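Below is one structure, written out as structure tokens, with a few remarks after it.
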2 protein chains.
Amino acid sequence: MHRTHTCGELRLENANQEVTLSGWVQRIRDKGGLIWIDLRDRYGITQLLIEEDRTSDEVVKAARHIGREFVIKVKGTVIERSSKNPNIPTGEIEIDLNNIEVLNSSKTPPFTIEDKTDGGDELRMKYRYLDLRRQPLRRNLELRNRLSIETRKYLDNEKFFEIETPYLIKSTPEGARDFVVPSRMNEGQFYALPQSPQTFKQLLMVAGYDRYYQLVKCFRDEDLRADRQPEFTQIDCEMAFVEQDDILNTFEGLVKYLFKTVKNIDIAKLPVMDYADAMKYYGSDKPDIRFGMKFVELNDLAQNKGFAIFDSAELVVGINVEGCADYSRKQLDKLTDFVRKPQIGAKGMVYVKYNEDGSFKSSVDKFYSQDDLNVWADKFGSKPGDLMLILSGDANKVRKQLNELRLEMGNQLGLRKSDVFAPLWVVDFPLLEWDEETNRFHAMHHPFTSPKAEDIKLLDEKPAEVRANAYDLVINGVEIGGGSIRIHDRDLQKLMFKHLGFTDEEAQDQFGFLMNAFEFGAPPHGGIALGFDRLVALFGGSDSIRDYIAFPKNNAGRDVMIDSPSVIAQSQLDELSLNIKKKI
Amino acid sequence: MHRTHTCGELRLENANQEVTLSGWVQRIRDKGGLIWIDLRDRYGITQLLIEEDRTSDEVVKAARHIGREFVIKVKGTVIERSSKNPNIPTGEIEIDLNNIEVLNSSKTPPFTIEDKTDGGDELRMKYRYLDLRRQPLRRNLELRNRLSIETRKYLDNEKFFEIETPYLIKSTPEGARDFVVPSRMNEGQFYALPQSPQTFKQLLMVAGYDRYYQLVKCFRDEDLRADRQPEFTQIDCEMAFVEQDDILNTFEGLVKYLFKTVKNIDIAKLPVMDYADAMKYYGSDKPDIRFGMKFVELNDLAQNKGFAIFDSAELVVGINVEGCADYSRKQLDKLTDFVRKPQIGAKGMVYVKYNEDGSFKSSVDKFYSQDDLNVWADKFGSKPGDLMLILSGDANKVRKQLNELRLEMGNQLGLRKSDVFAPLWVVDFPLLEWDEETNRFHAMHHPFTSPKAEDIKLLDEKPAEVRANAYDLVINGVEIGGGSIRIHDRDLQKLMFKHLGFTDEEAQDQFGFLMNAFEFGAPPHGGIALGFDRLVALFGGSDSIRDYIAFPKNNAGRDVMIDSPSVIAQSQLDELSLNIKKKI
């Protein structure tokens, strides 16, 4: 071992010990007679001291030849520092050197290896191995490791088996695009990389494994939006003989356990909000409940008073923003601009200031009296000093718009703190979703999601109202995971396929394999999958998953560090019996 | 939850409790007035009792309508059995039923779900989800889960971080074939699936992560031999600032920890055998040291006595087989046939029986006196009653042949017990390996493996004699893993490439990426990778890894259960800009 201790280990009680340390040179300060070197490794930083008068010429000379990021191995005596650094655990000591060995030199890194680096995004991606030396990234990967360890500990304790499912599977025509893998031994045929182990985990339930989990890479060849990765990691789980509450309880337990063990935060019982309420009160199926500003609907109070925009709207709905009655004209105009941005798409915004003196000032004073506005304020629960912001229009659209406005106000008022965590369950999702393109209903989750027993009767008449045994785990406005109780009954499955517009042959063709397995005694079962990258980022207080993945791809799906994907040799193509089509 | 207890949980102390169980019907015995059902789940089997006189007609009728592998949910009272079954933990009780609900029916499975099944290999692969219901496979996957949990526990405790490396990486022209993944977004370009995370784990050392591990899937598009899988799992590790002994000690610790915690077996300090000795005494770099029969070389004693076959041989070498002097002519002929098999390739075998009366009987009595044979016996350490078996020829070939014979004798004499474990380290592998095809030296491990410092001077003159800082973990004659200390010094790396016949451009082209990273301060580092599938199989006492993988491929690389690989839609090919070449 090239060291007796790590760079994060030595304390005052080690004084006078002879030690060997190895690590990277973080910083050198040469004050003529005195040279200090900060030596860094994964565990911390230790200060090295060279005193020209006392230290051998050889060591002094060596010290003057090393540079940033050199790898050195030093020997010396632990001594008490005269000027202590209370900011680092090793800050009370330094090493009085008597030997330096350069294990490896280093070119000057293209950016500084500091918490705040001067390197741009592109450069840091290219030299990811240098960027990974920085403490913030090191802490992110350490957090990721800790979360995976604790996740496994909890699930193991709950009698889950981790079972590896295959990566070389079969392409299915549905949904997002598969990555495919040509088979050399089976000419013209392809494997596919899994978008999720869905089929296999259900098969494991058929096989009687009762409780399965896996931290598993999944692959999706999508056009990448910001912060999507073509390969991502899931905590994938499935349980047999359970009902929805059993799954919610088990994974609520996981959430609480992780927050407690990893961040020492006690999480109270998770609220359970049904989808309809989430949409009605937050305009989103992933509400951020770290703060209030629940939607208040005003149709009964605001319509038929002569204001045409409200009168013609399907929904008039607003939020009460506490303490913002003093917003300036300019601030309000900026908010109006915000909701009018094309990606939000509102036509305009109505405001009502509830002044400290009890009077109201609104952008619709022409249509509504002070009394009218007072009644609105009652419904909003407004107090003097508050600001009411109101949008109107098509119900679905206006809810989405108001959701954006609510989140923006949360941001502006600092209500979305990254160290506050507000998880909840959103349940009772609609089973079916109308697809404008194909003009028919699609399964909102997947075709094996079970409908609520009491809603099955609605399948024919009001399919859009049928609720599913489907649930999402939402934390701080982010969908961390979701799942469902699956259909294990053949007749119900057939009914579902009928309503999804599948012929028997289509159903057999696409899902026959799993359906055949279900002929041999499938237990009631259900599961959940949590996005591990996103969970780690959330725990780290960030919403960029890329900073929590050791070697991520960029937004074009490229690994710029290794320069991949890349062309392959013609011989490889030949072996695979493939040609690359020339663009015409 | 569709149960109050699992089928493996109830004991006599639960007597009189009302319980609900769910599971699969393992067996039904209908003795007219009495019906017994064995109900099975992952946790065990519980016996259900229906007494026609006492149980409701409805329940009796339901019981008579269920069949093997139906999924049922039952309610009843725990009662003491009159005739107890000491072979199962629940054998003292049964459930006096008062309700049966069929959760799902089942077609008759194509083979019996019993420890010894009547299903053939093909059929069981096709219906893997049914085969997985059998206890032996269930136990295998449970063992796998346990080993992965304990491996992580040990490594976490040793301050290793588990860090996920990417699956979509870059194809390299060296070595075994990569599986490639066409990129839709980067036309004509491909990712490759990793054969191992070698590059990335070395980069993590450059990045200062100090101790890395990962249980990770790796992929190799090889022509499959029996018991190879195109995707397999590795325990992949790397450590910085270490020397060879540090790695051996750390992973010796892992081996001992796993045997102790998972099998309650104490493993003594692992022997360390150098490669030269392994070849000399066992004819194999993965010696099975559960038993003796070390090779004894006889050139000095057996040559120049007129026996032309020995005289012309480069090596005369044999083993002493204890207590087999009474082998019959027929048994000896069978051994001769064995070594003459084409895959072993010996021309013949010489035997010497050391009879109980002290005399010798050999197949070469014509050339050697009793005194000669007595001297041989001394060298072999033979006792009266033992049998010496001797082969001769080209040294390398004859050692391989004698290795096969030794293993065969170990098998015949029951010396290779699957519940005895004899791990060891084989070290000091040659750095270079002569390649007959290309007529040049190749790196035996990979080009980053470091030579022993004291052997570097031999690189020019005697390259075949240069030993590497490379090591294998061998258990019971199986190579479980291997690794090396890597070269971190640029000059040494250049020297190595020169000796491997790489031009600077070739080296840069194939390994430039990692070499560039090494310019920025690479620490001394080394690592190891253990074959997890094989380790689990070994712990399970089997040498078939397929039985320890939930969903394996067959020898043609096919998953016959999901029928993959398969053709994909033309639209998918179009999106990937690919054509399948027609065979001419």
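All residue names refer to the structure tokens as shown: chains lettered A, B, ... in order, residues numbered from 1 in each chain, ligands numbered from 1 in order.
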For this session: Enumerate as an MDAnalysis selection string all residues of stretch 446-545 of chain B assigned to strand (DSSP E or B) by DSSP on the backbone, naming them with the chain letters and numbers the document uses.
Result: chainID B and resid 449 451 467:468 470:475 478:486 520 525:531
For this session: Would you kindly return, as number ranges by chain, each protein, DNA or RNA residue with an atom no farther than 12 Å from any atom of B:Met205, considering only C-alpha atoms and excluding same-chain residues fewer than 5 positions away?
Result: A: 23-24, 41-42, 71, 129-130, 132-133; B: 160-161, 163, 198-200, 210-213, 237-242, 486, 488, 514, 517-518, 520-527
Problem set entry | All alpha helix (DSSP H) positions in stretch 409-575 of chain A, as a PyMOL selection string | chain A and resi 409-412+490-499+504-518+532-539+570-575
For this session: Determine, counting only C-alpha atoms, which protein, DNA and RNA residues have an atom within 8 Å of an atom of A:Tyr154; residues of the same chain fewer than 4 positions away are not included. Present the result as a VMD selection string.
Result: chain A and resid 150 158 254 257
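Using only C-alpha atoms, the smallest distance between any of A:Gln234, A:Asn264, A:Asn87, A:Asn579 and chain B comes from A:Asn579.
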Exercise. Got a sec: who's within 8 Å of A:Leu143, counting only C-alpha atoms, leaving out chain neighbours fewer than 3 positions off, as a PyMOL selection string?
Worked result: chain A and resi 139-140+146-147+536+540
For this session: Do a neighbour search on B:Leu391 at 8 Å with only C-alpha atoms, toss out local chain neighbours closer than 4 positions, and write the hits as a list in words.
Result: Val316, Val317, Gly318, Ala346, Gly348, Met349, Val350, Val398, Gln401 and Leu402 of chain B
Resulting file, chosen residues, all heavy atoms, as a short mmCIF file (atom, residue, chain, number, x, y, z; two decimals), in the first residue's frame:
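Full text of selection_19.cif as output:
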```cif
data_model
loop_
_atom_site.label_atom_id
_atom_site.label_comp_id
_atom_site.auth_asym_id
_atom_site.auth_seq_id
_atom_site.Cartn_x
_atom_site.Cartn_y
_atom_site.Cartn_z
N VAL B 316 8.94 -36.64 -18.88
CA VAL B 316 8.29 -37.85 -18.37
C VAL B 316 7.73 -37.45 -17.01
O VAL B 316 8.47 -37.00 -16.13
CB VAL B 316 9.29 -39.00 -18.22
CG1 VAL B 316 8.58 -40.25 -17.71
CG2 VAL B 316 9.99 -39.28 -19.54
N VAL B 317 6.45 -37.59 -16.85
CA VAL B 317 5.82 -37.05 -15.64
C VAL B 317 4.62 -37.91 -15.25
O VAL B 317 3.92 -38.45 -16.11
CB VAL B 317 5.43 -35.57 -15.86
CG1 VAL B 317 4.46 -35.42 -17.01
CG2 VAL B 317 4.92 -34.91 -14.59
N GLY B 318 4.42 -38.06 -13.95
CA GLY B 318 3.33 -38.92 -13.52
C GLY B 318 2.70 -38.47 -12.23
O GLY B 318 3.09 -37.46 -11.64
N ALA B 346 -3.05 -37.93 -25.69
CA ALA B 346 -1.82 -38.66 -25.36
C ALA B 346 -1.72 -39.89 -26.26
O ALA B 346 -2.72 -40.40 -26.79
CB ALA B 346 -1.85 -39.08 -23.89
N GLY B 348 -0.15 -42.76 -25.20
CA GLY B 348 -0.33 -43.93 -24.35
C GLY B 348 -0.07 -43.55 -22.91
O GLY B 348 0.14 -42.38 -22.60
N MET B 349 -0.13 -44.56 -22.03
CA MET B 349 0.04 -44.31 -20.60
C MET B 349 0.83 -45.46 -20.01
O MET B 349 0.62 -46.62 -20.37
CB MET B 349 -1.33 -44.22 -19.94
CG MET B 349 -1.30 -43.93 -18.45
SD MET B 349 -2.95 -44.10 -17.71
CE MET B 349 -3.04 -45.89 -17.53
N VAL B 350 1.75 -45.12 -19.17
CA VAL B 350 2.52 -46.16 -18.46
C VAL B 350 1.98 -46.24 -17.03
O VAL B 350 1.72 -45.22 -16.42
CB VAL B 350 4.02 -45.79 -18.46
CG1 VAL B 350 4.80 -46.68 -17.48
CG2 VAL B 350 4.58 -45.90 -19.87
N VAL B 398 2.18 -32.66 -22.51
CA VAL B 398 2.02 -33.78 -21.58
C VAL B 398 1.48 -33.29 -20.24
O VAL B 398 0.72 -33.98 -19.56
CB VAL B 398 3.35 -34.57 -21.45
CG1 VAL B 398 4.34 -33.84 -20.57
CG2 VAL B 398 3.09 -35.97 -20.91
N GLN B 401 -2.16 -33.04 -20.63
CA GLN B 401 -2.77 -34.38 -20.65
C GLN B 401 -2.84 -34.97 -19.24
O GLN B 401 -3.85 -35.54 -18.83
CB GLN B 401 -1.95 -35.30 -21.58
CG GLN B 401 -2.04 -34.89 -23.05
CD GLN B 401 -0.87 -35.37 -23.88
OE1 GLN B 401 0.03 -36.06 -23.39
NE2 GLN B 401 -0.86 -35.01 -25.16
N LEU B 402 -1.73 -34.80 -18.52
CA LEU B 402 -1.70 -35.38 -17.16
C LEU B 402 -2.67 -34.65 -16.24
O LEU B 402 -3.25 -35.24 -15.33
CB LEU B 402 -0.27 -35.34 -16.61
CG LEU B 402 -0.07 -36.14 -15.30
CD1 LEU B 402 -0.39 -37.63 -15.50
CD2 LEU B 402 1.37 -35.99 -14.79
#
```
For this session: For A:Asp115, work out the shell of residues within 7 Å, counting only C-alpha atoms and skipping chain neighbours fewer than 3 positions away, then give it as number ranges by chain.
Result: A: 134-136
Give me a file of those residues, with all heavy atoms, as a compact mmCIF listing (two decimals), in the first residue's frame.
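Writing done, so here's again-v4.txt:
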```txt
# COMPACT_ATOMS: atom_id res chain seq x y z
N ARG A 134 -13.56 16.69 -8.78
CA ARG A 134 -14.07 17.80 -7.96
C ARG A 134 -14.99 17.28 -6.86
O ARG A 134 -15.77 16.37 -7.05
CB ARG A 134 -14.78 18.82 -8.84
CG ARG A 134 -13.83 19.45 -9.90
CD ARG A 134 -14.45 20.64 -10.59
NE ARG A 134 -15.76 20.36 -11.14
CZ ARG A 134 -16.89 20.91 -10.69
NH1 ARG A 134 -16.86 21.81 -9.73
NH2 ARG A 134 -18.03 20.59 -11.24
N GLN A 135 -14.88 17.92 -5.69
CA GLN A 135 -15.65 17.48 -4.53
C GLN A 135 -17.16 17.38 -4.78
O GLN A 135 -17.78 16.40 -4.37
CB GLN A 135 -15.41 18.43 -3.34
CG GLN A 135 -14.02 18.32 -2.72
CD GLN A 135 -13.81 17.05 -1.92
OE1 GLN A 135 -14.74 16.54 -1.30
NE2 GLN A 135 -12.60 16.52 -1.95
N PRO A 136 -17.78 18.35 -5.47
CA PRO A 136 -19.24 18.24 -5.63
C PRO A 136 -19.63 16.95 -6.37
O PRO A 136 -20.55 16.25 -5.95
CB PRO A 136 -19.60 19.48 -6.46
CG PRO A 136 -18.49 20.45 -6.20
CD PRO A 136 -17.26 19.63 -6.01
```
For this session: Between B:Ile169, B:Val321, B:Ile72, B:Val427, single out the one closest to B:Asp277, counting only C-alpha atoms.
Result: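 Nearest candidate to B:Asp277 out of B:Ile169, B:Val321, B:Ile72, B:Val427: B:Val427.
We find atom CA of A:Leu215 and atom CA of A:Ala192 to be spaced 19.0 Å apart.
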For this session: Tell me, as a ChimeraX atom specification, which residues lie within 8 Å of B:Met444, counting only C-alpha atoms; anything in the same chain fewer than 6 positions away does not count.
Result: /B:430-433
Include N, CA and C atoms and write out the residues we just selected as an mmCIF file, in the first residue's frame.
```
data_model
loop_
_atom_site.group_PDB
_atom_site.id
_atom_site.type_symbol
_atom_site.label_atom_id
_atom_site.label_comp_id
_atom_site.auth_asym_id
_atom_site.auth_seq_id
_atom_site.Cartn_x
_atom_site.Cartn_y
_atom_site.Cartn_z
ATOM 1 N N PRO B 430 2.909 -15.274 -16.762
ATOM 2 C CA PRO B 430 3.749 -14.636 -17.772
ATOM 3 C C PRO B 430 3.056 -13.366 -18.272
ATOM 4 N N LEU B 431 3.870 -12.366 -18.571
ATOM 5 C CA LEU B 431 3.308 -11.121 -19.095
ATOM 6 C C LEU B 431 2.836 -11.313 -20.529
ATOM 7 N N LEU B 432 3.632 -12.086 -21.274
ATOM 8 C CA LEU B 432 3.386 -12.218 -22.710
ATOM 9 C C LEU B 432 3.102 -13.662 -23.072
ATOM 10 N N GLU B 433 2.403 -13.809 -24.138
ATOM 11 C CA GLU B 433 1.985 -15.116 -24.596
ATOM 12 C C GLU B 433 2.294 -15.161 -26.085
#
```
